[in-house]
Amino acid sequence: MTSGIHHITLITRKVQANVDFYAGFLGLRLVKRTAGFEDADQLHLIYGDATGSPGSLVTFLVWEDGAPGRVGHGQPSEIGFAIAADSIGFWLTRALRYGVATTGPAAEFGEPVIRLKDPDGVIVKLVGNSTVTTPAPYATPDIPAGDAIRRLRGATILTENPDGTAAFVVRHFGYAHAERTDTIQRLVSQSGDIIDVRDAGGFWTAAPGTGTIDHIAFRAIDETAVNDLQARLAAEDAGTIAVHDRKYFYSLYVREPGGTLFEYATDAPGMTVDEDFETLGSRLFVPEHFTGDHGARLVVLPQFSMPGQERLTQRELPFIHRLHQPERPDGSTTFLLHGSGGNETSLLSLGRQMMPNALLIALRGRSTEEGAPRFFRRLAAMSFDQKDMASEAEALAATIEATIPAYGIDLDKTVFIGYSNGANMLIATMLLHPGLIRKSVLLRMMNPLDPVPDADLSGTSILTVAGATDPYASYAPAVDEIFRQSGASVESVTVNSGHDIGDGDTQVVRHWLQAAGT
């Protein structure tokens, strides 16, 4: 029977914690990992039962280290999974063993419910139910099939227009009114899952971000049903409607009168259209409509390990940072510092081209300008906040020192690559904390310090790369002279470019690194 929920999509801030919770603690199967269909630089994970059946699926857009959202009306507030009613004790014991805080069990509409929160703070309910089943339970070594999560039980929607929201779900997605309380209208599909519409009048409006539920997708029998719904929604002037082929299903998106985003998705072709049953979720796919260098694109996607696999645990450091491990590590490390307006992903592809076998550690600047990250504040186009710069250089030095035990870093095998504002941050750090950075590549740089301190940089190797048509190119010789007077070994190159960086820089840097034996 085709009805009810197809999947629910959420947004997570930390992919590894998400995988450990949903695949590790809850025991769901990771059935698909893809680059995002709208943004190939965004990772998308899909969990479900053993075959990835519609109705069992919960999916995550990974906004690694992204800003938290706000739960409010115009958005779902919690999701529920169905388990066997006599498995409540099993899950309470499991939560205690995993250190997952729970409340309950408590009766909700006559069903025993355990409430807990995922690593992003989203409310997840485990609901004891004797009628909701799955065709393909997914057992793990420590979760027997009888205790495994069966499928989605449902979701709760917060709305200022509960009657309008409920009517929309009933009219278009095959639900019927069931029980209700003073604040909740329960809607039930023919498949048996539920939507609880909660009156959130007077509550604040939802804001998108990590730790929120992005949308609920309902099941469509086929593409004709999706196209028919599109026509009906257009006829009733339901607002913006978007139709997409998502490879694993064909679907449309629309917002209900209370503001929650809904999707209507076909069961077919399903999760096995590009992987067989045995290998579901083992490969990362990039949607076909994205062209270009997929290898460079995949470097930007956050890496993770499945429960039980060997992993490099990311540590808490003064700077938000992204790690990328190579396929064949050679023991070297590359730190990457982006330019103004960039972030920790901006130089990952370039860094991997320059250092194919190095552990990449890409930092995000902690200062901001018009909402965009920088490594220190700028007072005017050519005037910098010296106190902020000194403070951030000290924080960068502390970060470098912390990575030595955290990630097993050998500073003698470490290269620091900075672009524009990131290069200027490296200049300040080398001069204010001499001896810590021993090999550095500076792209499109200028000296930010006033005055320039005396520093002994003997034993430090530096490559500076200016752009021939860069408006800031005239400042490069002064940087070279400062470092030479400090005792550093300096090589300066000018490439046929402006302020932007690209293949020419990559070739110059790789040649310099090879000559230096790195």
# chains A, B, ... in the order shown; residues from 1 in each chain; ligands from 1
call {"tool": "closest_atom_pairs", "arguments": {"of": "region 366-443 of chain A", "to": "region 302-323 of chain A", "cutoff": "9 Å", "atoms": "only C-alpha atoms", "output": "Markdown table"}}
result
| residue | atom | partner | partner_atom | distance |
| --- | --- | --- | --- | --- |
| A:Arg366 | CA | A:Phe319 | CA | 6.9 |
| A:Ala395 | CA | A:Pro318 | CA | 6.5 |
| A:Leu396 | CA | A:Pro318 | CA | 7.7 |
| A:Ala398 | CA | A:Pro318 | CA | 7.7 |
| A:Thr399 | CA | A:Pro318 | CA | 6.0 |
| A:Ala402 | CA | A:Leu317 | CA | 7.3 |
| A:Thr403 | CA | A:Leu317 | CA | 8.2 |
| A:Ala406 | CA | A:Arg315 | CA | 6.7 |
| A:Tyr407 | CA | A:Leu312 | CA | 7.7 |
call {"tool": "residues_around", "arguments": {"residues": "Trp204 (chain A)", "least_positions_apart": "2", "cutoff": "7 Å", "atoms": "only C-alpha atoms", "output": "JSON, numbers by chain"}}
result
{"A": [72, 73, 202, 206]}
call {"tool": "closest_atom_pairs", "arguments": {"of": "region 486-506 of chain A", "to": "region 440-452 of chain A", "cutoff": "10 Å", "atoms": "only C-alpha atoms", "output": "JSON lines"}}
result
{"residue": "A:Val490", "atom": "CA", "partner": "A:Ser440", "partner_atom": "CA", "distance": 9.7}
{"residue": "A:Glu491", "atom": "CA", "partner": "A:Val441", "partner_atom": "CA", "distance": 9.7}
{"residue": "A:Ser492", "atom": "CA", "partner": "A:Leu442", "partner_atom": "CA", "distance": 9.5}
{"residue": "A:Val493", "atom": "CA", "partner": "A:Leu443", "partner_atom": "CA", "distance": 9.8}
{"residue": "A:Thr494", "atom": "CA", "partner": "A:Arg444", "partner_atom": "CA", "distance": 9.6}
{"residue": "A:Gly498", "atom": "CA", "partner": "A:Arg444", "partner_atom": "CA", "distance": 8.8}
{"residue": "A:His499", "atom": "CA", "partner": "A:Arg444", "partner_atom": "CA", "distance": 6.3}
{"residue": "A:Asp500", "atom": "CA", "partner": "A:Arg444", "partner_atom": "CA", "distance": 8.2}
{"residue": "A:Ile501", "atom": "CA", "partner": "A:Leu443", "partner_atom": "CA", "distance": 7.7}
{"residue": "A:Asp505", "atom": "CA", "partner": "A:Leu443", "partner_atom": "CA", "distance": 8.1}
call {"tool": "write_last_selection", "arguments": {"atoms": "N, CA, C and O atoms", "output": "tab-separated table (two decimals), in the first residue's frame"}}
result
chain	number	residue	atom	x	y	z
A	490	VAL	N	63.97	32.46	1.50
A	490	VAL	CA	62.78	32.94	0.78
A	490	VAL	C	62.95	32.73	-0.71
A	490	VAL	O	63.98	33.08	-1.29
A	491	GLU	N	61.91	32.15	-1.33
A	491	GLU	CA	61.82	32.10	-2.79
A	491	GLU	C	60.56	32.82	-3.20
A	491	GLU	O	59.48	32.55	-2.66
A	492	SER	N	60.69	33.74	-4.13
A	492	SER	CA	59.53	34.52	-4.57
A	492	SER	C	59.26	34.25	-6.04
A	492	SER	O	60.19	34.20	-6.85
A	493	VAL	N	57.98	34.06	-6.38
A	493	VAL	CA	57.56	33.77	-7.75
A	493	VAL	C	56.36	34.65	-8.08
A	493	VAL	O	55.50	34.90	-7.21
A	494	THR	N	56.32	35.12	-9.31
A	494	THR	CA	55.15	35.85	-9.80
A	494	THR	C	54.51	35.03	-10.91
A	494	THR	O	55.18	34.60	-11.85
A	498	GLY	N	45.76	37.39	-11.45
A	498	GLY	CA	45.39	38.51	-10.61
A	498	GLY	C	45.43	38.09	-9.15
A	498	GLY	O	46.33	37.37	-8.73
A	499	HIS	N	44.42	38.52	-8.37
A	499	HIS	CA	44.39	38.15	-6.96
A	499	HIS	C	43.90	36.71	-6.78
A	499	HIS	O	44.18	36.09	-5.76
A	500	ASP	N	43.16	36.20	-7.78
A	500	ASP	CA	42.67	34.83	-7.68
A	500	ASP	C	43.84	33.84	-7.79
A	500	ASP	O	44.90	34.15	-8.33
A	501	ILE	N	43.62	32.64	-7.28
A	501	ILE	CA	44.64	31.60	-7.36
A	501	ILE	C	44.08	30.41	-8.15
A	501	ILE	O	42.87	30.23	-8.24
A	505	ASP	N	49.38	28.53	-9.62
A	505	ASP	CA	49.89	28.49	-8.24
A	505	ASP	C	50.18	27.06	-7.82
A	505	ASP	O	51.20	26.78	-7.18
call {"tool": "select_by_dssp", "arguments": {"residues": "region 260-481 of chain A", "states": "alpha helix (DSSP H)", "output": "mmCIF file with C-alpha atoms, in the first residue's frame"}}
result
data_model
loop_
_atom_site.group_PDB
_atom_site.id
_atom_site.type_symbol
_atom_site.label_atom_id
_atom_site.label_comp_id
_atom_site.auth_asym_id
_atom_site.auth_seq_id
_atom_site.Cartn_x
_atom_site.Cartn_y
_atom_site.Cartn_z
ATOM 1 C CA HIS A 294 34.550 15.076 -9.105
ATOM 2 C CA GLY A 295 37.770 14.186 -7.297
ATOM 3 C CA ALA A 296 38.398 17.822 -6.412
ATOM 4 C CA ARG A 297 34.748 18.243 -5.406
ATOM 5 C CA LEU A 298 34.739 15.229 -3.093
ATOM 6 C CA LEU A 348 40.783 21.926 0.349
ATOM 7 C CA SER A 349 40.821 21.039 -3.351
ATOM 8 C CA LEU A 350 43.877 23.200 -3.951
ATOM 9 C CA GLY A 351 45.608 21.729 -0.903
ATOM 10 C CA ARG A 352 44.966 18.176 -2.046
ATOM 11 C CA GLN A 353 46.425 18.963 -5.476
ATOM 12 C CA MET A 354 49.507 20.504 -3.887
ATOM 13 C CA GLN A 386 46.808 45.147 15.451
ATOM 14 C CA LYS A 387 45.435 43.971 18.810
ATOM 15 C CA ASP A 388 43.034 41.558 17.132
ATOM 16 C CA MET A 389 45.815 40.301 14.894
ATOM 17 C CA ALA A 390 48.135 39.664 17.850
ATOM 18 C CA SER A 391 45.370 37.873 19.735
ATOM 19 C CA GLU A 392 44.474 35.682 16.745
ATOM 20 C CA ALA A 393 48.129 34.905 16.051
ATOM 21 C CA GLU A 394 48.440 33.711 19.643
ATOM 22 C CA ALA A 395 45.331 31.552 19.163
ATOM 23 C CA LEU A 396 46.768 30.132 15.934
ATOM 24 C CA ALA A 397 50.036 29.315 17.670
ATOM 25 C CA ALA A 398 48.103 27.551 20.439
ATOM 26 C CA THR A 399 46.126 25.631 17.811
ATOM 27 C CA ILE A 400 49.295 24.479 16.053
ATOM 28 C CA GLU A 401 50.796 23.309 19.337
ATOM 29 C CA ALA A 402 47.568 21.498 20.265
ATOM 30 C CA THR A 403 47.526 19.552 16.997
ATOM 31 C CA ILE A 404 50.890 17.938 17.740
ATOM 32 C CA PRO A 405 49.495 15.486 20.336
ATOM 33 C CA ALA A 406 45.905 15.594 19.024
ATOM 34 C CA TYR A 407 46.708 14.446 15.487
ATOM 35 C CA ASN A 421 44.070 37.240 4.565
ATOM 36 C CA GLY A 422 45.154 33.722 5.546
ATOM 37 C CA ALA A 423 48.641 34.382 4.178
ATOM 38 C CA ASN A 424 48.781 37.623 6.161
ATOM 39 C CA MET A 425 47.789 35.672 9.281
ATOM 40 C CA LEU A 426 50.722 33.326 8.698
ATOM 41 C CA ILE A 427 53.067 36.308 8.285
ATOM 42 C CA ALA A 428 51.934 37.733 11.624
ATOM 43 C CA THR A 429 52.216 34.363 13.367
ATOM 44 C CA MET A 430 55.707 33.650 12.031
ATOM 45 C CA LEU A 431 56.979 37.067 13.153
ATOM 46 C CA LEU A 432 55.208 37.072 16.537
ATOM 47 C CA ALA A 476 55.011 41.460 -2.103
ATOM 48 C CA PRO A 477 58.670 42.605 -2.293
ATOM 49 C CA ALA A 478 58.426 44.188 1.168
ATOM 50 C CA VAL A 479 57.294 40.851 2.602
ATOM 51 C CA ASP A 480 60.240 39.063 0.973
ATOM 52 C CA GLU A 481 62.662 41.615 2.417
#
call {"tool": "select_by_dssp", "arguments": {"residues": "region 137-214 of chain A", "states": "strand (DSSP E or B)", "output": "MDAnalysis selection string"}}
result
chainID A and resid 140 143 151:159 175:180 184:189 194:199 205 207 210 212:214
call {"tool": "closest_residue", "arguments": {"among": "A:Thr205, A:Asn161, A:Ser474, A:Ser87", "to": "Ala148 (chain A)", "atoms": "only C-alpha atoms"}}
result
A:Ser87
call {"tool": "closest_residue", "arguments": {"among": "A:Leu126, A:Val58, A:Ile184, A:Ala67", "to": "Ala82 (chain A)", "atoms": "only C-alpha atoms"}}
result
A:Leu126
call {"tool": "closest_atom_pairs", "arguments": {"of": "region 159-185 of chain A", "to": "region 227-249 of chain A", "cutoff": "12 Å", "atoms": "only C-alpha atoms", "output": "Markdown table"}}
result
| residue | atom | partner | partner_atom | distance |
| --- | --- | --- | --- | --- |
| A:Gly164 | CA | A:Ala238 | CA | 12.0 |
| A:Phe168 | CA | A:Ala238 | CA | 10.0 |
| A:Arg171 | CA | A:Leu229 | CA | 10.5 |
| A:His172 | CA | A:Leu229 | CA | 7.4 |
| A:Phe173 | CA | A:Leu229 | CA | 9.4 |
| A:Gly174 | CA | A:Leu229 | CA | 11.9 |
call {"tool": "write_last_selection", "arguments": {"atoms": "N, CA and C atoms", "output": "JSON list (two decimals), in the first residue's frame"}}
result
[["chain", "number", "residue", "atom", "x", "y", "z"],
["A", 164, "GLY", "N", -5.56, 24.67, 9.00],
["A", 164, "GLY", "CA", -5.10, 24.74, 7.62],
["A", 164, "GLY", "C", -4.05, 23.70, 7.32],
["A", 168, "PHE", "N", -4.59, 20.45, 4.77],
["A", 168, "PHE", "CA", -3.70, 20.28, 3.64],
["A", 168, "PHE", "C", -3.15, 18.84, 3.58],
["A", 171, "ARG", "N", -6.06, 16.47, 2.66],
["A", 171, "ARG", "CA", -6.56, 16.66, 1.28],
["A", 171, "ARG", "C", -5.58, 16.10, 0.24],
["A", 172, "HIS", "N", -4.29, 16.24, 0.49],
["A", 172, "HIS", "CA", -3.34, 15.93, -0.57],
["A", 172, "HIS", "C", -2.51, 14.66, -0.34],
["A", 173, "PHE", "N", -2.44, 14.15, 0.88],
["A", 173, "PHE", "CA", -1.50, 13.05, 1.13],
["A", 173, "PHE", "C", -2.15, 11.81, 1.73],
["A", 174, "GLY", "N", -3.47, 11.74, 1.70],
["A", 174, "GLY", "CA", -4.14, 10.50, 2.06],
["A", 174, "GLY", "C", -4.23, 10.20, 3.54]]
call {"tool": "atom_distance", "arguments": {"atom1": "CA of Ile213 (chain A)", "atom2": "CA of Lys117 (chain A)"}}
result
12.9 Å
call {"tool": "residues_around", "arguments": {"residues": "Gly99 (chain A)", "least_positions_apart": "5", "cutoff": "12 Å", "atoms": "only C-alpha atoms", "output": "JSON, numbers by chain"}}
result
{"A": [21, 25, 91, 92, 93, 94, 116, 117, 118, 119]}
call {"tool": "write_last_selection", "arguments": {"atoms": "C-alpha atoms", "output": "mmCIF file, in the first residue's frame"}}
result
data_model
loop_
_atom_site.group_PDB
_atom_site.id
_atom_site.type_symbol
_atom_site.label_atom_id
_atom_site.label_comp_id
_atom_site.auth_asym_id
_atom_site.auth_seq_id
_atom_site.Cartn_x
_atom_site.Cartn_y
_atom_site.Cartn_z
ATOM 1 C CA PHE A 21 24.042 7.979 16.688
ATOM 2 C CA PHE A 25 23.169 3.675 18.623
ATOM 3 C CA TRP A 91 16.099 0.472 24.378
ATOM 4 C CA LEU A 92 16.134 1.939 27.890
ATOM 5 C CA THR A 93 19.016 -0.394 28.752
ATOM 6 C CA ARG A 94 20.802 0.427 25.504
ATOM 7 C CA LEU A 116 15.666 11.270 23.663
ATOM 8 C CA LYS A 117 17.740 13.758 21.655
ATOM 9 C CA ASP A 118 20.187 13.197 18.828
ATOM 10 C CA PRO A 119 23.621 14.918 18.873
#
call {"tool": "closest_residue", "arguments": {"among": "A:Val62, A:Ala220, A:Leu28, A:Leu411", "to": "Ala136 (chain A)", "atoms": "only C-alpha atoms"}}
result
A:Leu28
call {"tool": "closest_residue", "arguments": {"among": "A:Thr518, A:Asp120, A:Gly467, A:Arg374", "to": "Gly331 (chain A)", "atoms": "only C-alpha atoms"}}
result
A:Thr518
call {"tool": "decode", "arguments": {"residues": "region 367-410 of chain A", "atoms": "N, CA and C atoms", "output": "mmCIF file, in the first residue's frame"}}
result
data_model
loop_
_atom_site.group_PDB
_atom_site.id
_atom_site.type_symbol
_atom_site.label_atom_id
_atom_site.label_comp_id
_atom_site.auth_asym_id
_atom_site.auth_seq_id
_atom_site.Cartn_x
_atom_site.Cartn_y
_atom_site.Cartn_z
ATOM 1 N N SER A 367 37.405 35.931 13.066
ATOM 2 C CA SER A 367 36.865 37.277 12.923
ATOM 3 C C SER A 367 35.905 37.293 11.735
ATOM 4 N N THR A 368 35.060 38.284 11.667
ATOM 5 C CA THR A 368 34.111 38.379 10.560
ATOM 6 C C THR A 368 34.075 39.803 10.023
ATOM 7 N N GLU A 369 33.738 39.885 8.760
ATOM 8 C CA GLU A 369 33.520 41.182 8.106
ATOM 9 C C GLU A 369 32.303 41.038 7.222
ATOM 10 N N GLU A 370 31.246 41.790 7.552
ATOM 11 C CA GLU A 370 29.972 41.677 6.840
ATOM 12 C C GLU A 370 29.490 40.226 6.803
ATOM 13 N N GLY A 371 29.697 39.525 7.920
ATOM 14 C CA GLY A 371 29.231 38.154 8.070
ATOM 15 C C GLY A 371 30.143 37.099 7.496
ATOM 16 N N ALA A 372 31.238 37.498 6.844
ATOM 17 C CA ALA A 372 32.147 36.532 6.225
ATOM 18 C C ALA A 372 33.387 36.347 7.087
ATOM 19 N N PRO A 373 33.914 35.115 7.169
ATOM 20 C CA PRO A 373 35.070 34.848 8.033
ATOM 21 C C PRO A 373 36.348 35.535 7.553
ATOM 22 N N ARG A 374 37.144 35.989 8.517
ATOM 23 C CA ARG A 374 38.494 36.490 8.312
ATOM 24 C C ARG A 374 39.339 36.006 9.481
ATOM 25 N N PHE A 375 40.666 36.131 9.335
ATOM 26 C CA PHE A 375 41.538 35.711 10.425
ATOM 27 C C PHE A 375 41.871 36.853 11.383
ATOM 28 N N PHE A 376 41.655 38.093 10.966
ATOM 29 C CA PHE A 376 41.755 39.228 11.884
ATOM 30 C C PHE A 376 41.002 40.397 11.261
ATOM 31 N N ARG A 377 40.624 41.342 12.099
ATOM 32 C CA ARG A 377 39.770 42.439 11.648
ATOM 33 C C ARG A 377 40.555 43.449 10.812
ATOM 34 N N ARG A 378 39.842 44.037 9.886
ATOM 35 C CA ARG A 378 40.377 45.097 9.042
ATOM 36 C C ARG A 378 39.650 46.393 9.387
ATOM 37 N N LEU A 379 40.396 47.445 9.652
ATOM 38 C CA LEU A 379 39.805 48.736 9.983
ATOM 39 C C LEU A 379 39.468 49.529 8.729
ATOM 40 N N ALA A 380 40.292 49.377 7.713
ATOM 41 C CA ALA A 380 40.076 49.982 6.401
ATOM 42 C C ALA A 380 40.763 49.070 5.399
ATOM 43 N N ALA A 381 40.723 49.464 4.110
ATOM 44 C CA ALA A 381 41.273 48.587 3.070
ATOM 45 C C ALA A 381 42.718 48.205 3.347
ATOM 46 N N MET A 382 43.508 49.132 3.887
ATOM 47 C CA MET A 382 44.925 48.868 4.129
ATOM 48 C C MET A 382 45.304 49.085 5.588
ATOM 49 N N SER A 383 44.332 49.026 6.469
ATOM 50 C CA SER A 383 44.582 49.249 7.897
ATOM 51 C C SER A 383 43.993 48.094 8.691
ATOM 52 N N PHE A 384 44.815 47.503 9.570
ATOM 53 C CA PHE A 384 44.408 46.291 10.269
ATOM 54 C C PHE A 384 44.406 46.508 11.770
ATOM 55 N N ASP A 385 43.522 45.797 12.450
ATOM 56 C CA ASP A 385 43.410 45.857 13.911
ATOM 57 C C ASP A 385 44.571 45.066 14.503
ATOM 58 N N GLN A 386 45.586 45.791 14.985
ATOM 59 C CA GLN A 386 46.808 45.147 15.451
ATOM 60 C C GLN A 386 46.576 44.292 16.702
ATOM 61 N N LYS A 387 45.710 44.746 17.602
ATOM 62 C CA LYS A 387 45.435 43.971 18.810
ATOM 63 C C LYS A 387 44.711 42.672 18.455
ATOM 64 N N ASP A 388 43.747 42.764 17.552
ATOM 65 C CA ASP A 388 43.034 41.558 17.132
ATOM 66 C C ASP A 388 43.988 40.599 16.428
ATOM 67 N N MET A 389 44.862 41.139 15.601
ATOM 68 C CA MET A 389 45.815 40.301 14.894
ATOM 69 C C MET A 389 46.733 39.565 15.868
ATOM 70 N N ALA A 390 47.246 40.290 16.867
ATOM 71 C CA ALA A 390 48.135 39.664 17.850
ATOM 72 C C ALA A 390 47.413 38.578 18.628
ATOM 73 N N SER A 391 46.158 38.856 18.984
ATOM 74 C CA SER A 391 45.370 37.873 19.735
ATOM 75 C C SER A 391 45.104 36.628 18.891
ATOM 76 N N GLU A 392 44.762 36.819 17.608
ATOM 77 C CA GLU A 392 44.474 35.682 16.745
ATOM 78 C C GLU A 392 45.743 34.912 16.396
ATOM 79 N N ALA A 393 46.857 35.602 16.278
ATOM 80 C CA ALA A 393 48.129 34.905 16.051
ATOM 81 C C ALA A 393 48.474 34.025 17.241
ATOM 82 N N GLU A 394 48.201 34.512 18.447
ATOM 83 C CA GLU A 394 48.440 33.711 19.643
ATOM 84 C C GLU A 394 47.525 32.481 19.647
ATOM 85 N N ALA A 395 46.259 32.686 19.237
ATOM 86 C CA ALA A 395 45.331 31.552 19.163
ATOM 87 C C ALA A 395 45.769 30.547 18.105
ATOM 88 N N LEU A 396 46.287 31.038 16.971
ATOM 89 C CA LEU A 396 46.768 30.132 15.934
ATOM 90 C C LEU A 396 47.975 29.344 16.424
ATOM 91 N N ALA A 397 48.877 30.016 17.121
ATOM 92 C CA ALA A 397 50.036 29.315 17.670
ATOM 93 C C ALA A 397 49.603 28.226 18.645
ATOM 94 N N ALA A 398 48.619 28.541 19.488
ATOM 95 C CA ALA A 398 48.103 27.551 20.439
ATOM 96 C C ALA A 398 47.451 26.383 19.704
ATOM 97 N N THR A 399 46.759 26.681 18.612
ATOM 98 C CA THR A 399 46.126 25.631 17.811
ATOM 99 C C THR A 399 47.173 24.706 17.202
ATOM 100 N N ILE A 400 48.227 25.290 16.656
ATOM 101 C CA ILE A 400 49.295 24.479 16.053
ATOM 102 C C ILE A 400 49.908 23.562 17.108
ATOM 103 N N GLU A 401 50.192 24.119 18.276
ATOM 104 C CA GLU A 401 50.796 23.309 19.337
ATOM 105 C C GLU A 401 49.851 22.209 19.808
ATOM 106 N N ALA A 402 48.542 22.503 19.825
ATOM 107 C CA ALA A 402 47.568 21.498 20.265
ATOM 108 C C ALA A 402 47.428 20.356 19.275
ATOM 109 N N THR A 403 47.680 20.620 17.990
ATOM 110 C CA THR A 403 47.526 19.552 16.997
ATOM 111 C C THR A 403 48.640 18.517 17.088
ATOM 112 N N ILE A 404 49.761 18.875 17.687
ATOM 113 C CA ILE A 404 50.890 17.938 17.740
ATOM 114 C C ILE A 404 50.484 16.656 18.461
ATOM 115 N N PRO A 405 49.952 16.734 19.702
ATOM 116 C CA PRO A 405 49.495 15.486 20.336
ATOM 117 C C PRO A 405 48.137 15.020 19.823
ATOM 118 N N ALA A 406 47.266 15.970 19.421
ATOM 119 C CA ALA A 406 45.905 15.594 19.024
ATOM 120 C C ALA A 406 45.893 14.753 17.761
ATOM 121 N N TYR A 407 46.717 15.133 16.777
ATOM 122 C CA TYR A 407 46.708 14.446 15.487
ATOM 123 C C TYR A 407 48.056 13.822 15.133
ATOM 124 N N GLY A 408 48.984 13.811 16.075
ATOM 125 C CA GLY A 408 50.283 13.214 15.815
ATOM 126 C C GLY A 408 51.080 13.970 14.777
ATOM 127 N N ILE A 409 51.059 15.293 14.851
ATOM 128 C CA ILE A 409 51.698 16.131 13.846
ATOM 129 C C ILE A 409 53.206 16.226 14.095
ATOM 130 N N ASP A 410 53.972 16.129 13.039
ATOM 131 C CA ASP A 410 55.416 16.390 13.067
ATOM 132 C C ASP A 410 55.631 17.717 12.352
#
